[in-house]
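S.K.: Mind looking over this structure? Questions follow.
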Amino acid sequence: MPVIQKDDRLILEHPKGATAEILYYGATVISWKAGSPTDPQPIERLFVSGKAALDGSKPVRGGIPVVFPAFGAPTHPDHSKLPQHGFARNSVWSFGSIVLDNDVGVSVKLILAPNDAIKAQFDHPFQLEYVATLAEHQLTTDLHVKHIGLSTTPPFEFQALFHNYIRAPANDVRISPLTGVSYYDKTEATEEARATPKVESREGVDVRKFTDFVYEDAPGRYDIAWPSGTIEIRAKNLKDVVVWNPQQEAGSKIGDMEQGGWERYVCVEPGYVRGFVKLQPGQTWLGQQVLTVKI
């Protein structure tokens with residue numbers, strides 16, 4: 001069976017050997033193993049901290065957490081009751097359906113609808129559908145946000161992001177093309193400095209020091225390259241991208257980060273996080289990313 005349903009997760013298996021694991025908790029992808037066009041042997045492409053909680057007690061430190069409806073600390077008046085990064089990553093999703101199951105790919109849908117706990121934080125008529133599709137060298141994640149209220153219901157506003165932990169040697173990795181793109185540096189010491197845009201001048205962005213940059217109106221295609229590999233991310237309707245690695249400076253203060261874990265990944269996170277998506281009754285918004293092993 002290309003889709004194995006367990007009590008706490010779904011396991012996707014592609015006939016060419018690629019696999020993916022998705023927890024119902026947070027709809028978090030915690031493993032993606034795939035070969036490359038030059039080496040068919042599947043290897044792990046995502047980083048999950050050895051100290052990460054996988055039992056639903058807290059958001060997973062690694063993999064691909066889903067951020068919705070707020071990125072970071074909430075700034076929107078409607079979001080004041082939300083935790084950091086919203087509730088999608090620490091809610092239990094339900095199994096929707098097997099969308100695709102053939103030689104091309106294996107695809108599943110998970111669903112999140114408001115429950116009492118969510119309504120206490122975000123009282124809007126929404127439904128989320130998360131579709132993960134596994135191909136030989138590729139993983140696609142789609143987030144569908146639906147406004148299911150009556151036509152007289154007010155619109156609601158949200159942010160969304162895929163918080164990818166890409167397994168790669170952090171000190172050797174370069175992310176491109178971001179030259180000329182405006183960004184906000186969240187490592188700056190003052191609020192004024194964090195709110196002042198800078199312009200990226202590097203051809204390849206590195207994370208050899210503590211990096212937490214929010215690139216606004218970014219290209220939508222990113223190569224994450226290191227001497228022995230390249231992963232490409234293509235994004236749709238996710239106009240921004242966050243590049244994050246805490247290095248030892250900040251990583252050593254993260255309780256569920258394994259020692260030295262910051263050396264083994266880079267977060268490249270397509271999202272809509274500068275400003276908000278406004279969704280009218282009856283509308284559906286789709287944010288998509290396609291991760292492809294190139295080398």
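By order of appearance in the structure tokens: chains A, B, ..., then residues from 1 within every chain, and ligands from 1 in the order shown.
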Write out as an NGL selection string which residues come within 10 Å of A:Pro15 when counting only C-alpha atoms, dropping same-chain ones fewer than 3 positions away.
M.R.: :A and (1-2 or 18-19 or 102-106 or 135-136)
S.K.: For the interface of stretch 250-286 of chain A with stretch 71-85 of chain A (cut-off 9 Å, counting only C-alpha atoms), please tabulate each contacting residue of stretch 250-286 of chain A alongside its nearest pair of atoms and their separation in Å to one decimal, rows sorted by chain and increasing number, as JSON lines.
M.R.:
{"residue": "A:Gly271", "atom": "CA", "partner": "A:Phe71", "partner_atom": "CA", "distance": 8.8}
{"residue": "A:Tyr272", "atom": "CA", "partner": "A:Phe71", "partner_atom": "CA", "distance": 8.7}
{"residue": "A:Val273", "atom": "CA", "partner": "A:Phe71", "partner_atom": "CA", "distance": 6.1}
{"residue": "A:Phe276", "atom": "CA", "partner": "A:His76", "partner_atom": "CA", "distance": 8.7}
S.K.: Give me, please, the distance in Å between atom CA of A:Pro281 and atom CA of A:Phe158, quoted to one decimal.
M.R.: 13.9 Å
S.K.: Fewer than 3 positions away in the same chain doesn't count, so skip those; otherwise give me all residues within 8 Å of stretch 108-114 of chain A, counting only C-alpha atoms, as an MDAnalysis selection string.
M.R.: chainID A and resid 24 27 88 91:100 117:119 125:133
S.K.: Could you check which of A:Phe213, A:Trp32, A:Tyr183, A:Phe156 is closest to A:Gln280, using only C-alpha atoms?
M.R.: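 Closest to A:Gln280 of all the choices is A:Phe156.
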S.K.: So that I can see what lies close to A:Trp226, please list as a PDB file with C-alpha atoms, in the first residue's frame the residues with an atom at most 12 Å from it, counting only C-alpha atoms and leaving out residues fewer than 2 positions away in the same chain.
M.R.:
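File written: out_9.pdb
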ATOM      1  CA  ILE A 166      16.074  21.499   4.862  1.00  0.00           C
ATOM      2  CA  ARG A 167      18.793  19.014   5.856  1.00  0.00           C
ATOM      3  CA  ALA A 168      22.057  20.519   4.618  1.00  0.00           C
ATOM      4  CA  PRO A 169      25.476  21.535   6.016  1.00  0.00           C
ATOM      5  CA  ALA A 170      24.595  25.014   7.295  1.00  0.00           C
ATOM      6  CA  ASN A 171      28.084  26.447   6.969  1.00  0.00           C
ATOM      7  CA  ASP A 172      28.361  25.435   3.301  1.00  0.00           C
ATOM      8  CA  VAL A 173      24.873  26.208   2.038  1.00  0.00           C
ATOM      9  CA  ARG A 174      23.988  29.073  -0.326  1.00  0.00           C
ATOM     10  CA  ILE A 175      20.468  30.249  -1.182  1.00  0.00           C
ATOM     11  CA  SER A 176      19.753  32.035  -4.465  1.00  0.00           C
ATOM     12  CA  GLY A 204      24.273  33.418  -2.687  1.00  0.00           C
ATOM     13  CA  VAL A 205      22.890  33.979   0.812  1.00  0.00           C
ATOM     14  CA  ASP A 206      24.754  32.074   3.520  1.00  0.00           C
ATOM     15  CA  VAL A 207      23.789  31.344   7.135  1.00  0.00           C
ATOM     16  CA  ASP A 223      17.964  27.017  -5.009  1.00  0.00           C
ATOM     17  CA  ILE A 224      19.447  25.698  -1.779  1.00  0.00           C
ATOM     18  CA  SER A 228      27.144  17.715  -2.701  1.00  0.00           C
ATOM     19  CA  GLY A 229      23.531  18.677  -3.331  1.00  0.00           C
ATOM     20  CA  THR A 230      20.863  21.122  -4.456  1.00  0.00           C
ATOM     21  CA  ILE A 231      17.185  21.347  -3.552  1.00  0.00           C
ATOM     22  CA  GLU A 232      14.904  23.733  -5.420  1.00  0.00           C
ATOM     23  CA  ARG A 264      22.733  20.397   9.992  1.00  0.00           C
ATOM     24  CA  TYR A 265      19.931  22.426   8.434  1.00  0.00           C
ATOM     25  CA  VAL A 266      18.783  25.665   6.933  1.00  0.00           C
ATOM     26  CA  LYS A 294      18.146  18.561  -8.260  1.00  0.00           C
ATOM     27  CA  ILE A 295      21.563  17.149  -7.329  1.00  0.00           C
TER      28      ILE A 295
END
